Amino acid sequence: MNPSERFAQLADDATLEKTVAALQANGIAAMIVDNGQAAKEKVLTTIPAGAEVFTMSSETLQQIDLAAAINESGRYNSVRNKLNAMDRKTQVREMNALGAAPDWAVGSVHAVTEDGHVFIASNTGSQLGAYAYGAAHVIWVVGGQKVVKDDDEAFQRLYEYTLALEKERIRKLYNRESEVSKLLIVNLEKTPGRITLILVKEKLGF
């Protein structure tokens with residue numbers, strides 16, 4: 001399946017502003033920045049030095065070198081580094097617990113609706129627990145092409161665009177398939193200040 005390129009188009013300024021207002025009304029702190037570098041700087045200045053941070057697997061974080069800035073700088077307590085040093089055969093329960101409730105979770109999402117709903121698809125679900133509830137703080141960096149009109153378009157984007165690109169990426173890396181096995185939809189956030197979403201006026205991620 002070829003990706004539907006209509007979901008690769010950047011939203012205009014008016015649509016971004018409308019989306020930010022809706023996100024804020026739904027309990028998600030939201031803002032607009034001009035580019036990926038500005039988003040990276042915002043994240044790094046928001047998270048306190050020494051904080052426990054889990055960078056989720058994300059093409060967006062890789063594109064703006066944010067994952068490396070967190071995990072390789074020595075400035076933060078990297079959950080990713082801890083997990084990489086553990087044995088999945090013998091420590092899987094400890095690894096799952098560590099990833100489910102970090103102090104800070106940083107990643108991206110796959111669609112944001114103009115009325116402020118956020119969609120995150122996953123093949124394994126490994127990041128969803130932290131996003132939904134476990135993490136004390138969540139920051140999402142989101143390319144402006146991921147804004148869609150409503151929930152119906154969000155589902156279309158996931159299956160007609162994101163999944164096609166992710167399948168291609170996974171085949172090249174691991175020679176296996178990827179699926180939308182699990183899906184998190186955030187309609188409202190009940191804890192003030194817990195989630196921050198940074199909308200970027202650039203195409204980032206899938």
# chains A, B, ... in the order shown; residues from 1 in each chain; ligands from 1
>>> closest_atom_pairs(of="stretch 88-126 of chain A", to="stretch 75-81 of chain A", cutoff="12 Å", atoms="only C-alpha atoms", output="JSON lines")
{"residue": "A:Glu94", "atom": "CA", "partner": "A:Val79", "partner_atom": "CA", "distance": 11.9}
{"residue": "A:Met95", "atom": "CA", "partner": "A:Val79", "partner_atom": "CA", "distance": 9.5}
{"residue": "A:Asn96", "atom": "CA", "partner": "A:Val79", "partner_atom": "CA", "distance": 11.2}
{"residue": "A:Ala97", "atom": "CA", "partner": "A:Val79", "partner_atom": "CA", "distance": 11.0}
{"residue": "A:Leu98", "atom": "CA", "partner": "A:Val79", "partner_atom": "CA", "distance": 7.3}
{"residue": "A:Gly99", "atom": "CA", "partner": "A:Val79", "partner_atom": "CA", "distance": 7.1}
{"residue": "A:Ala100", "atom": "CA", "partner": "A:Val79", "partner_atom": "CA", "distance": 10.4}
{"residue": "A:Ala101", "atom": "CA", "partner": "A:Val79", "partner_atom": "CA", "distance": 10.2}
{"residue": "A:Pro102", "atom": "CA", "partner": "A:Val79", "partner_atom": "CA", "distance": 7.5}
{"residue": "A:Asp103", "atom": "CA", "partner": "A:Val79", "partner_atom": "CA", "distance": 9.6}
{"residue": "A:Trp104", "atom": "CA", "partner": "A:Val79", "partner_atom": "CA", "distance": 9.5}
{"residue": "A:Ala105", "atom": "CA", "partner": "A:Val79", "partner_atom": "CA", "distance": 9.4}
{"residue": "A:Val106", "atom": "CA", "partner": "A:Val79", "partner_atom": "CA", "distance": 11.0}
>>> write_last_selection(atoms="N, CA and C atoms", output="CSV table (one decimal), in the first residue's frame")
chain,number,residue,atom,x,y,z
A,94,GLU,N,11.1,-6.2,35.2
A,94,GLU,CA,11.7,-5.0,35.7
A,94,GLU,C,11.7,-4.0,34.6
A,95,MET,N,12.0,-4.4,33.3
A,95,MET,CA,12.1,-3.5,32.2
A,95,MET,C,10.7,-2.9,31.9
A,96,ASN,N,9.7,-3.7,32.0
A,96,ASN,CA,8.3,-3.2,31.7
A,96,ASN,C,7.9,-2.2,32.8
A,97,ALA,N,8.2,-2.4,34.0
A,97,ALA,CA,7.9,-1.5,35.1
A,97,ALA,C,8.7,-0.2,35.0
A,98,LEU,N,9.9,-0.3,34.6
A,98,LEU,CA,10.7,0.9,34.4
A,98,LEU,C,10.2,1.8,33.3
A,99,GLY,N,9.8,1.2,32.2
A,99,GLY,CA,9.3,2.0,31.1
A,99,GLY,C,7.9,2.5,31.2
A,100,ALA,N,7.1,1.9,32.1
A,100,ALA,CA,5.7,2.3,32.3
A,100,ALA,C,5.4,3.5,33.1
A,101,ALA,N,6.4,3.9,34.0
A,101,ALA,CA,6.1,5.0,34.8
A,101,ALA,C,7.3,5.9,35.1
A,102,PRO,N,7.9,6.4,34.0
A,102,PRO,CA,9.1,7.3,34.2
A,102,PRO,C,8.6,8.7,34.7
A,103,ASP,N,9.5,9.5,35.2
A,103,ASP,CA,9.1,10.8,35.6
A,103,ASP,C,8.7,11.7,34.3
A,104,TRP,N,9.6,11.6,33.3
A,104,TRP,CA,9.3,12.3,32.0
A,104,TRP,C,9.3,11.3,30.9
A,105,ALA,N,8.3,11.3,30.0
A,105,ALA,CA,8.2,10.6,28.8
A,105,ALA,C,8.2,11.5,27.6
A,106,VAL,N,9.1,11.3,26.7
A,106,VAL,CA,9.3,12.2,25.5
A,106,VAL,C,9.1,11.4,24.2
>>> residues_around(residues="A:Met31", least_positions_apart="5", cutoff="9 Å", atoms="only C-alpha atoms", output="list in words")
Glu17, Val20, Ala21, Thr196, Leu197, Ile198, Leu199 and Val200 of chain A
>>> write_last_selection(atoms="C-alpha atoms", output="PDB file, in the first residue's frame")
ATOM      1  CA  GLU A  17      -3.697  27.951  16.098  1.00  0.00           C
ATOM      2  CA  VAL A  20      -3.620  24.521  19.910  1.00  0.00           C
ATOM      3  CA  ALA A  21      -6.671  26.261  21.385  1.00  0.00           C
ATOM      4  CA  THR A 196       2.708  19.214  26.712  1.00  0.00           C
ATOM      5  CA  LEU A 197       2.336  19.043  22.933  1.00  0.00           C
ATOM      6  CA  ILE A 198       4.685  21.078  20.721  1.00  0.00           C
ATOM      7  CA  LEU A 199       3.389  21.609  17.189  1.00  0.00           C
ATOM      8  CA  VAL A 200       6.171  22.279  14.696  1.00  0.00           C
TER       9      VAL A 200
END
>>> residues_around(residues="stretch 169-175 of chain A", least_positions_apart="5", cutoff="12 Å", atoms="only C-alpha atoms", output="count of residues only")
8
>>> residues_around(residues="A:Ala22", least_positions_apart="5", cutoff="10 Å", atoms="only C-alpha atoms", output="list in words")
Leu16, Glu17, Gly27, Ile28, Ala30, Thr113, Glu114, Asp115, Gly116 and His117 of chain A
>>> write_last_selection(atoms="C-alpha atoms", output="short mmCIF file (atom, residue, chain, number, x, y, z; two decimals), in the first residue's frame")
data_model
loop_
_atom_site.label_atom_id
_atom_site.label_comp_id
_atom_site.auth_asym_id
_atom_site.auth_seq_id
_atom_site.Cartn_x
_atom_site.Cartn_y
_atom_site.Cartn_z
CA LEU A 16 -2.41 25.16 13.89
CA GLU A 17 -3.70 27.95 16.10
CA GLY A 27 -6.25 19.90 29.30
CA ILE A 28 -3.13 19.56 27.14
CA ALA A 30 0.13 23.15 23.61
CA THR A 113 -7.40 16.59 15.33
CA GLU A 114 -8.47 20.21 15.01
CA ASP A 115 -10.76 19.68 18.00
CA GLY A 116 -7.85 18.56 20.17
CA HIS A 117 -7.82 14.76 20.15
#
